[in-house]
Every structure is written in C-alpha cells, then in structure tokens.
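Novice: Submitted below is the structure of interest, expressed as structure tokens.
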Amino acid sequence: MKVFVTGGAGYVGSVCVEELLNAGHEVTVFDNLSEGHRPAVDPRASFVRGDLVSFEEVKKALAASRAEAVMHYAANALVGESVQNPSKYFRNNVANGINLLDAVRECGVKKIIFSSTCSTYGNPERVPITEDHSQRPLNPYGLSKMMFEQILKWYETVHGIKHVIFRYFNAAGCTAKYGEHHRIETHLIPNILMVALGKKPHVEIFGTDYDTPDGTCIRDYIHVVDLADAHIRALVRKESAVYNLGNGAGHSVRQALNISRKITGHEIPAVERPRRSGDASRLIASSHRATRDLGWMPKLPRIESIVESAWRWHRDHPEGYVE
Ligand code: UDP
C-alpha cells in the first residue's frame, strides 16, 4: 500500500516507516524537521520537507504520493512544555492538523491513522485504563490530542474519512538503526541512559510523594516496534476505531532507574525533585481491544528488553543523529 507519513523523521514515525518498508509498503515521509532528523528517515522512503502550517504544501505532497492511507505522527509531544506554552500545542497539534485533514479530503484519501496518547485520560479513576474511560486531560498536550480525536470523528461523519486512533502509553526502545533523539530531552529512559553515557551528571526524579508504592509515578512502557506493528495491522481495518497501546504493566520511575542500572552497569546517580506539573500518578493500559480486533500482542513486552534496545542505540549513537 502507498502510505503518507507525517512526522516520519521523528522518533515513533521513523521506526514505523522502517517497519512499513520492511513489510513491503511504499512510503512518503512529510516532515518539517523541527523535531525530526533527516538521517532518521529510512533511505527507501521518499522524503518531502514540508510544514503542515501550509495547506497547499501538504496537499501537493499528499497528491503526489498517491497515498491510500495517511499515518499522522507529526506533533509536539512534551507534557511539560505544553504547560509552559499551550499556544504551540493548539496551533501545531490541532490547527495544523486540520490542514492535513482537508488535504486528505481533497485528495480523496479514505483512511487516517492517528497517534494519540494516554495523556487524554488525565488521572485515571481505574487502572488498567480501557478506551471507554473518561477523558479529562491534565495538560494542553493531552487536550490537543483529544481535540484532534474529536475532529477526526466529525470528518468521518461528514466526509466519510475512516480513522484509527491509537492512544500510546509510554513509547520507549529503539531498533538497531532508529531511536529516540529529541533536541531537548525530557523523557525518562533516554535521560537515564544519557547519565549512563556520561553526558549528564545525574537523573532527576520528579515527585516522590505520589500515591504509589515507592512514591514515584508509574507508567506503562511500550516498545516502539510494537507500536509500529499495530499501525501496520490497522491499515487493513475497514471501520473506524480507538485503541490503547500498552503492555498492561506499570513501572515506577525508581523501578525504571534500577532496571537501567542493572542493564548499563552504571550507578546512575539520581536527585529527587518536586513534582513536574501536568503528570498523572499512574497510567497503565488495557489493550484487549487491539488484541481482539487487530490480533495485536506486544512482542517485546518486558521493560528490560525495551531498555536494552534503547541502550544499544544510545551507545551506538552517543550524539544521537548527526546531521
Ligand atoms: N520523569 C522523571 N525524570 C525525568 C523524566 C521523567 O522523573 O528526567 C518522570 C516523569 O515525571 C513521569 C515519568 O518519568 O512521571 C515518565 O515521564 P516521560 O517524560 O518519560 O513521559 P510522559 O509520561 O510524560 O509522557
């Protein structure tokens, strides 16, 4: 199938592009390289440097790709930053996304697969979280993704464009070639590994007074290769749907740190800090719906495998992508 991938030079997008190509699909990547990296784009894909802020630019690229489906990864995705600068999140994740949807409509593409997030749920009333759980995001990032989910539903009702929405829990891990390189790194696992590489003196633990067994936040870390697998399975789904993607297992910040200490053999000093604004205490997925409908099961569910794969990539790419 011909697939148009926005954000295909970013972390999750780049791995999905690699897996799409391995599965025999034809891929056009559309990315403005504000967060993404040119070397993160698999050379087997076509690449268009373009920005979703321009309807004409995205429409031209989408028409030229002759895509039958769109995967939309392009977004700003930092909870902390979104609390400092909501405008950036609503513009890029919502307003610019509408340019993509209008291009999809005008080009007659009938299917869009969208990267959403467990941040749309806010602080859960129960875990594991199922897709019908109430959505009360705690931060502008989560709200921007929830708004786009709702917009997608109207584009189906009015224009007949089918969607598959994936609510990722905590994407982590790498392939041999493609990994996680943010220009400003705020995510837990890469920050831990940067300390192990000697690039930072210590890792910060944001909040030790949460209502969890060790006081630190619990997250469901899911391998990026497993996320890619779900997207590829969704290409053949006929009906619109929403799916959580996680392993159904939670690890606290301290647990992730201790596992990383064992894997890297580095002491990884940690400093306790106050809570980070916008963080939910415990996010764990129920992904039974994805298993039922898509036959999806994580192939690399153990957090040890996730951290090991990330550690390999970071050791091989100590400077990240070099452009
Ligand atoms: N975290 C931390 N130190 C860091 C980065 C993150 O203690 O250097 C915590 C963060 O507060 C959250 C968890 O680790 O509780 C996962 O954060 P991350 O930014 O990786 O993902 P998020 O859950 O925000 O999408």
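Quick note on naming: the chains in the structure tokens go A, B, ... in the order shown, residues restart at 1 in each chain, and ligands are numbered from 1 in order of appearance.
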Enumerate residues in contact with ligand 1: an atom-to-atom distance of at most 7 Å, counting only C-alpha atoms and all ligand atoms. Format the result as an mmCIF file with all heavy atoms, in the first residue's frame.
Specialist:
```
data_model
loop_
_atom_site.group_PDB
_atom_site.id
_atom_site.type_symbol
_atom_site.label_atom_id
_atom_site.label_comp_id
_atom_site.auth_asym_id
_atom_site.auth_seq_id
_atom_site.Cartn_x
_atom_site.Cartn_y
_atom_site.Cartn_z
ATOM 1 N N LEU A 78 5.467 17.094 24.324
ATOM 2 C CA LEU A 78 6.065 17.196 25.654
ATOM 3 C C LEU A 78 5.073 17.808 26.641
ATOM 4 O O LEU A 78 4.651 18.960 26.487
ATOM 5 C CB LEU A 78 7.334 18.054 25.608
ATOM 6 C CG LEU A 78 8.422 17.554 24.658
ATOM 7 C CD1 LEU A 78 9.630 18.479 24.712
ATOM 8 C CD2 LEU A 78 8.838 16.125 25.000
ATOM 9 N N VAL A 79 4.698 16.990 27.620
ATOM 10 C CA VAL A 79 3.732 17.432 28.628
ATOM 11 C C VAL A 79 4.205 18.737 29.286
ATOM 12 O O VAL A 79 3.461 19.717 29.362
ATOM 13 C CB VAL A 79 3.565 16.328 29.697
ATOM 14 C CG1 VAL A 79 2.826 16.837 30.921
ATOM 15 C CG2 VAL A 79 2.852 15.116 29.099
ATOM 16 N N ASN A 170 3.592 4.797 27.240
ATOM 17 C CA ASN A 170 4.907 5.461 27.122
ATOM 18 C C ASN A 170 5.800 4.769 26.095
ATOM 19 O O ASN A 170 6.381 3.716 26.395
ATOM 20 C CB ASN A 170 5.573 5.524 28.490
ATOM 21 C CG ASN A 170 4.978 6.641 29.315
ATOM 22 O OD1 ASN A 170 3.776 6.627 29.607
ATOM 23 N ND2 ASN A 170 5.776 7.625 29.649
ATOM 24 N N THR A 186 13.419 15.303 27.499
ATOM 25 C CA THR A 186 12.706 15.360 28.778
ATOM 26 C C THR A 186 12.226 13.975 29.199
ATOM 27 O O THR A 186 11.730 13.822 30.313
ATOM 28 C CB THR A 186 11.464 16.280 28.684
ATOM 29 O OG1 THR A 186 10.537 15.669 27.788
ATOM 30 C CG2 THR A 186 11.812 17.672 28.204
ATOM 31 N N HIS A 187 12.326 12.979 28.320
ATOM 32 C CA HIS A 187 11.758 11.659 28.641
ATOM 33 C C HIS A 187 12.671 10.873 29.586
ATOM 34 O O HIS A 187 13.887 11.012 29.551
ATOM 35 C CB HIS A 187 11.508 10.862 27.356
ATOM 36 C CG HIS A 187 10.415 11.463 26.537
ATOM 37 N ND1 HIS A 187 10.665 12.198 25.413
ATOM 38 C CD2 HIS A 187 9.076 11.467 26.715
ATOM 39 C CE1 HIS A 187 9.510 12.632 24.917
ATOM 40 N NE2 HIS A 187 8.527 12.205 25.694
ATOM 41 N N LEU A 188 12.022 10.037 30.374
ATOM 42 C CA LEU A 188 12.744 9.367 31.453
ATOM 43 C C LEU A 188 13.855 8.440 30.944
ATOM 44 O O LEU A 188 15.009 8.570 31.371
ATOM 45 C CB LEU A 188 11.750 8.571 32.325
ATOM 46 C CG LEU A 188 12.410 7.841 33.488
ATOM 47 C CD1 LEU A 188 12.996 8.836 34.479
ATOM 48 C CD2 LEU A 188 11.415 6.924 34.176
ATOM 49 N N ILE A 189 13.521 7.496 30.064
ATOM 50 C CA ILE A 189 14.514 6.466 29.723
ATOM 51 C C ILE A 189 15.723 7.063 28.994
ATOM 52 O O ILE A 189 16.866 6.813 29.412
ATOM 53 C CB ILE A 189 13.846 5.275 28.999
ATOM 54 C CG1 ILE A 189 12.966 4.547 30.032
ATOM 55 C CG2 ILE A 189 14.895 4.333 28.386
ATOM 56 C CD1 ILE A 189 12.162 3.376 29.522
ATOM 57 N N ASN A 191 16.862 10.026 29.253
ATOM 58 C CA ASN A 191 17.599 10.830 30.245
ATOM 59 C C ASN A 191 18.437 9.943 31.165
ATOM 60 O O ASN A 191 19.580 10.271 31.489
ATOM 61 C CB ASN A 191 16.635 11.674 31.086
ATOM 62 C CG ASN A 191 16.422 13.051 30.464
ATOM 63 O OD1 ASN A 191 17.250 13.519 29.692
ATOM 64 N ND2 ASN A 191 15.317 13.680 30.799
ATOM 65 N N VAL A 203 20.321 11.879 37.053
ATOM 66 C CA VAL A 203 18.946 11.951 36.565
ATOM 67 C C VAL A 203 18.105 12.577 37.671
ATOM 68 O O VAL A 203 18.411 12.417 38.862
ATOM 69 C CB VAL A 203 18.441 10.554 36.128
ATOM 70 C CG1 VAL A 203 18.308 9.612 37.295
ATOM 71 C CG2 VAL A 203 17.140 10.635 35.367
ATOM 72 N N GLU A 204 17.070 13.313 37.252
ATOM 73 C CA GLU A 204 16.168 13.908 38.241
ATOM 74 C C GLU A 204 14.918 13.033 38.356
ATOM 75 O O GLU A 204 14.405 12.566 37.341
ATOM 76 C CB GLU A 204 15.774 15.314 37.794
ATOM 77 C CG GLU A 204 16.968 16.261 37.761
ATOM 78 C CD GLU A 204 16.597 17.630 37.235
ATOM 79 O OE1 GLU A 204 16.010 17.711 36.134
ATOM 80 O OE2 GLU A 204 16.884 18.614 37.924
ATOM 81 N N ILE A 205 14.457 12.855 39.587
ATOM 82 C CA ILE A 205 13.199 12.114 39.825
ATOM 83 C C ILE A 205 12.151 13.163 40.181
ATOM 84 O O ILE A 205 12.252 13.811 41.225
ATOM 85 C CB ILE A 205 13.355 11.099 40.974
ATOM 86 C CG1 ILE A 205 14.438 10.067 40.617
ATOM 87 C CG2 ILE A 205 12.029 10.419 41.281
ATOM 88 C CD1 ILE A 205 14.696 9.049 41.720
ATOM 89 N N PHE A 206 11.161 13.311 39.308
ATOM 90 C CA PHE A 206 10.173 14.366 39.518
ATOM 91 C C PHE A 206 9.009 13.862 40.370
ATOM 92 O O PHE A 206 8.066 13.276 39.851
ATOM 93 C CB PHE A 206 9.653 14.887 38.181
ATOM 94 C CG PHE A 206 10.720 15.552 37.354
ATOM 95 C CD1 PHE A 206 10.893 15.222 36.014
ATOM 96 C CD2 PHE A 206 11.559 16.502 37.910
ATOM 97 C CE1 PHE A 206 11.876 15.827 35.245
ATOM 98 C CE2 PHE A 206 12.548 17.118 37.159
ATOM 99 C CZ PHE A 206 12.707 16.777 35.817
ATOM 100 N N GLY A 207 9.084 14.107 41.662
ATOM 101 C CA GLY A 207 7.975 13.762 42.554
ATOM 102 C C GLY A 207 8.204 12.423 43.219
ATOM 103 O O GLY A 207 8.342 11.398 42.540
ATOM 104 N N THR A 216 6.864 7.319 43.451
ATOM 105 C CA THR A 216 7.154 7.914 42.131
ATOM 106 C C THR A 216 6.102 7.458 41.118
ATOM 107 O O THR A 216 5.420 6.441 41.323
ATOM 108 C CB THR A 216 8.574 7.549 41.640
ATOM 109 O OG1 THR A 216 8.668 6.142 41.405
ATOM 110 C CG2 THR A 216 9.641 7.968 42.649
ATOM 111 N N CYS A 217 5.986 8.204 40.025
ATOM 112 C CA CYS A 217 4.927 7.935 39.043
ATOM 113 C C CYS A 217 5.121 6.598 38.341
ATOM 114 O O CYS A 217 6.256 6.192 38.052
ATOM 115 C CB CYS A 217 4.937 9.008 37.960
ATOM 116 S SG CYS A 217 4.359 10.584 38.519
ATOM 117 N N ILE A 218 3.993 5.981 38.040
ATOM 118 C CA ILE A 218 4.007 4.681 37.356
ATOM 119 C C ILE A 218 3.549 4.867 35.910
ATOM 120 O O ILE A 218 2.544 5.542 35.656
ATOM 121 C CB ILE A 218 3.102 3.690 38.112
ATOM 122 C CG1 ILE A 218 3.745 3.393 39.471
ATOM 123 C CG2 ILE A 218 2.848 2.423 37.302
ATOM 124 C CD1 ILE A 218 2.967 2.453 40.343
ATOM 125 N N ARG A 219 4.303 4.263 34.996
ATOM 126 C CA ARG A 219 3.975 4.343 33.575
ATOM 127 C C ARG A 219 4.040 2.957 32.943
ATOM 128 O O ARG A 219 4.740 2.067 33.426
ATOM 129 C CB ARG A 219 4.973 5.258 32.826
ATOM 130 C CG ARG A 219 4.895 6.729 33.221
ATOM 131 C CD ARG A 219 3.624 7.377 32.698
ATOM 132 N NE ARG A 219 3.520 8.782 33.049
ATOM 133 C CZ ARG A 219 3.022 9.250 34.197
ATOM 134 N NH1 ARG A 219 2.586 8.414 35.131
ATOM 135 N NH2 ARG A 219 2.943 10.549 34.418
ATOM 136 N N VAL A 253 9.146 5.264 38.369
ATOM 137 C CA VAL A 253 10.401 5.922 37.968
ATOM 138 C C VAL A 253 11.584 5.218 38.633
ATOM 139 O O VAL A 253 12.592 4.906 37.987
ATOM 140 C CB VAL A 253 10.355 7.423 38.323
ATOM 141 C CG1 VAL A 253 11.707 8.078 38.077
ATOM 142 C CG2 VAL A 253 9.260 8.142 37.536
ATOM 143 N N ARG A 275 7.370 17.517 42.181
ATOM 144 C CA ARG A 275 6.556 17.019 41.066
ATOM 145 C C ARG A 275 6.685 17.909 39.844
ATOM 146 O O ARG A 275 6.852 19.133 39.993
ATOM 147 C CB ARG A 275 5.080 17.004 41.471
ATOM 148 C CG ARG A 275 4.753 16.000 42.530
ATOM 149 C CD ARG A 275 3.265 16.049 42.814
ATOM 150 N NE ARG A 275 2.906 15.056 43.814
ATOM 151 C CZ ARG A 275 1.676 14.590 43.989
ATOM 152 N NH1 ARG A 275 0.682 15.041 43.241
ATOM 153 N NH2 ARG A 275 1.416 13.679 44.905
ATOM 154 N N ARG A 276 6.566 17.325 38.671
ATOM 155 C CA ARG A 276 6.521 18.079 37.418
ATOM 156 C C ARG A 276 5.051 18.367 37.129
ATOM 157 O O ARG A 276 4.213 17.462 37.243
ATOM 158 C CB ARG A 276 7.135 17.192 36.319
ATOM 159 C CG ARG A 276 7.429 17.864 35.037
ATOM 160 C CD ARG A 276 8.161 16.927 34.093
ATOM 161 N NE ARG A 276 7.285 15.859 33.593
ATOM 162 C CZ ARG A 276 7.642 15.008 32.643
ATOM 163 N NH1 ARG A 276 8.846 15.071 32.106
ATOM 164 N NH2 ARG A 276 6.797 14.078 32.225
ATOM 165 N N ASP A 279 1.695 15.947 35.431
ATOM 166 C CA ASP A 279 1.914 14.492 35.452
ATOM 167 C C ASP A 279 0.789 13.751 36.185
ATOM 168 O O ASP A 279 0.436 14.115 37.316
ATOM 169 C CB ASP A 279 3.230 14.158 36.176
ATOM 170 C CG ASP A 279 4.435 14.186 35.253
ATOM 171 O OD1 ASP A 279 4.248 14.103 34.027
ATOM 172 O OD2 ASP A 279 5.563 14.288 35.772
ATOM 173 N N SER A 281 -0.418 10.292 38.185
ATOM 174 C CA SER A 281 0.388 9.439 39.065
ATOM 175 C C SER A 281 0.602 8.039 38.476
ATOM 176 O O SER A 281 1.664 7.448 38.638
ATOM 177 C CB SER A 281 -0.251 9.340 40.446
ATOM 178 O OG SER A 281 -1.535 8.788 40.335
#
```
Novice: Skip A:Val5 itself and residues of its chain fewer than 3 positions away, then list as a PyMOL selection string all residues within 12 Å of it, counting only C-alpha atoms.
Specialist: chain A and resi 2+8-10+12-18+20-21+25-31+41+45-50+52+58+61-62+65+67-74+100+112-115+231
Novice: I'd like the contact shell of stretch 321-323 of chain A - 8 Å cut-off, only C-alpha atoms, skipping same-chain residues fewer than 6 positions apart - returned as a compact mmCIF listing (two decimals) with C-alpha atoms, in the first residue's frame.
Specialist:
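Saved as around_28.txt:
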```txt
# COMPACT_ATOMS: atom_id res chain seq x y z
CA HIS A 37 16.05 14.44 11.83
CA ARG A 38 16.80 13.83 8.16
CA PRO A 39 19.09 10.83 8.93
CA ALA A 40 16.16 9.24 10.78
CA HIS A 181 16.78 11.79 19.83
```
Novice: Given only C-alpha atoms as the basis, pick out the residue of A:Val195, A:Leu138, A:Leu294, A:Ile284 nearest to A:Ser252.
Specialist: A:Ile284
Novice: Quick one: pick out all strand (DSSP E) residues within stretch 105-258 of chain A from a backbone DSSP run and write them as JSON, numbers by chain.
Specialist: {"A": [111, 112, 113, 114, 115, 116, 117, 162, 163, 164, 165, 166, 167, 168, 170, 171, 172, 203, 204, 205, 206, 218, 219, 221, 222, 223, 241, 242, 243, 244, 245, 251, 252]}
Novice: Nearest to A:Glu56: which of A:Asn32, A:Asn93, A:Asn99, A:Pro43 is it, counting only C-alpha atoms?
Specialist: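 That would be A:Asn99, the residue with the smallest distance to A:Glu56.
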Novice: How many Å separate atom CA of A:Asn123 from atom CA of A:Asn244?
Specialist: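 Spanning atom CA of A:Asn123 to atom CA of A:Asn244 is a straight-line distance of 15.6 Å.
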Novice: So, counting only C-alpha atoms, which residue among A:Ala171, A:Ile129, A:Leu197, A:Leu227 is closest to A:Leu283?
Specialist: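 Checking each of A:Ala171, A:Ile129, A:Leu197, A:Leu227 against A:Leu283, counting only C-alpha atoms, the winner is A:Ile129.
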Novice: Counting only C-alpha atoms, which of A:Pro274, A:Gly215, A:Gly160, A:Pro128 gets nearest to A:Leu101?
Specialist: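 Checking each of A:Pro274, A:Gly215, A:Gly160, A:Pro128 against A:Leu101, counting only C-alpha atoms, the winner is A:Gly160.
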Novice: Fewer than 6 positions away in the same chain doesn't count, so skip those; otherwise give me all residues within 12 Å of A:Ser87, counting only C-alpha atoms, as a list in words.
Specialist: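 Within the cut-off, the hits are Asn76, Glu81, Asn93, Val94, Ala95, Pro140, Tyr141, Leu143 and Ser144 of chain A.
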Novice: Could you list, as a ChimeraX atom specification, every residue within 8 Å of A:Arg167, counting only C-alpha atoms and ignoring same-chain residues fewer than 4 positions away?
Specialist: /A:115-118,242-245
Novice: Please produce a file of the residues just selected, as a PDB file, in the first residue's frame, where the atoms kept are N, CA and C atoms.
Specialist:
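Saved result, selection.pdb, follows:
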```pdb
ATOM      1  N   SER A 115      -1.748   9.150  15.819  1.00  0.00           N
ATOM      2  CA  SER A 115      -1.022   8.926  17.082  1.00  0.00           C
ATOM      3  C   SER A 115      -1.635   9.777  18.162  1.00  0.00           C
ATOM      4  N   SER A 116      -2.383   9.162  19.046  1.00  0.00           N
ATOM      5  CA  SER A 116      -2.883   9.896  20.198  1.00  0.00           C
ATOM      6  C   SER A 116      -2.177   9.379  21.448  1.00  0.00           C
ATOM      7  N   THR A 117      -2.713   9.671  22.593  1.00  0.00           N
ATOM      8  CA  THR A 117      -1.931   9.443  23.810  1.00  0.00           C
ATOM      9  C   THR A 117      -2.801   9.126  25.021  1.00  0.00           C
ATOM     10  N   CYS A 118      -2.218   8.409  25.955  1.00  0.00           N
ATOM     11  CA  CYS A 118      -2.899   8.150  27.229  1.00  0.00           C
ATOM     12  C   CYS A 118      -3.032   9.436  28.037  1.00  0.00           C
ATOM     13  N   VAL A 242     -10.841   3.156  18.083  1.00  0.00           N
ATOM     14  CA  VAL A 242      -9.873   3.753  19.021  1.00  0.00           C
ATOM     15  C   VAL A 242      -9.237   2.618  19.806  1.00  0.00           C
ATOM     16  N   TYR A 243      -7.916   2.625  19.894  1.00  0.00           N
ATOM     17  CA  TYR A 243      -7.222   1.559  20.627  1.00  0.00           C
ATOM     18  C   TYR A 243      -6.163   2.124  21.554  1.00  0.00           C
ATOM     19  N   ASN A 244      -6.096   1.581  22.768  1.00  0.00           N
ATOM     20  CA  ASN A 244      -4.941   1.817  23.638  1.00  0.00           C
ATOM     21  C   ASN A 244      -3.813   0.901  23.197  1.00  0.00           C
ATOM     22  N   LEU A 245      -2.588   1.387  23.331  1.00  0.00           N
ATOM     23  CA  LEU A 245      -1.428   0.525  23.085  1.00  0.00           C
ATOM     24  C   LEU A 245      -0.479   0.601  24.274  1.00  0.00           C
TER      25      LEU A 245
END
```
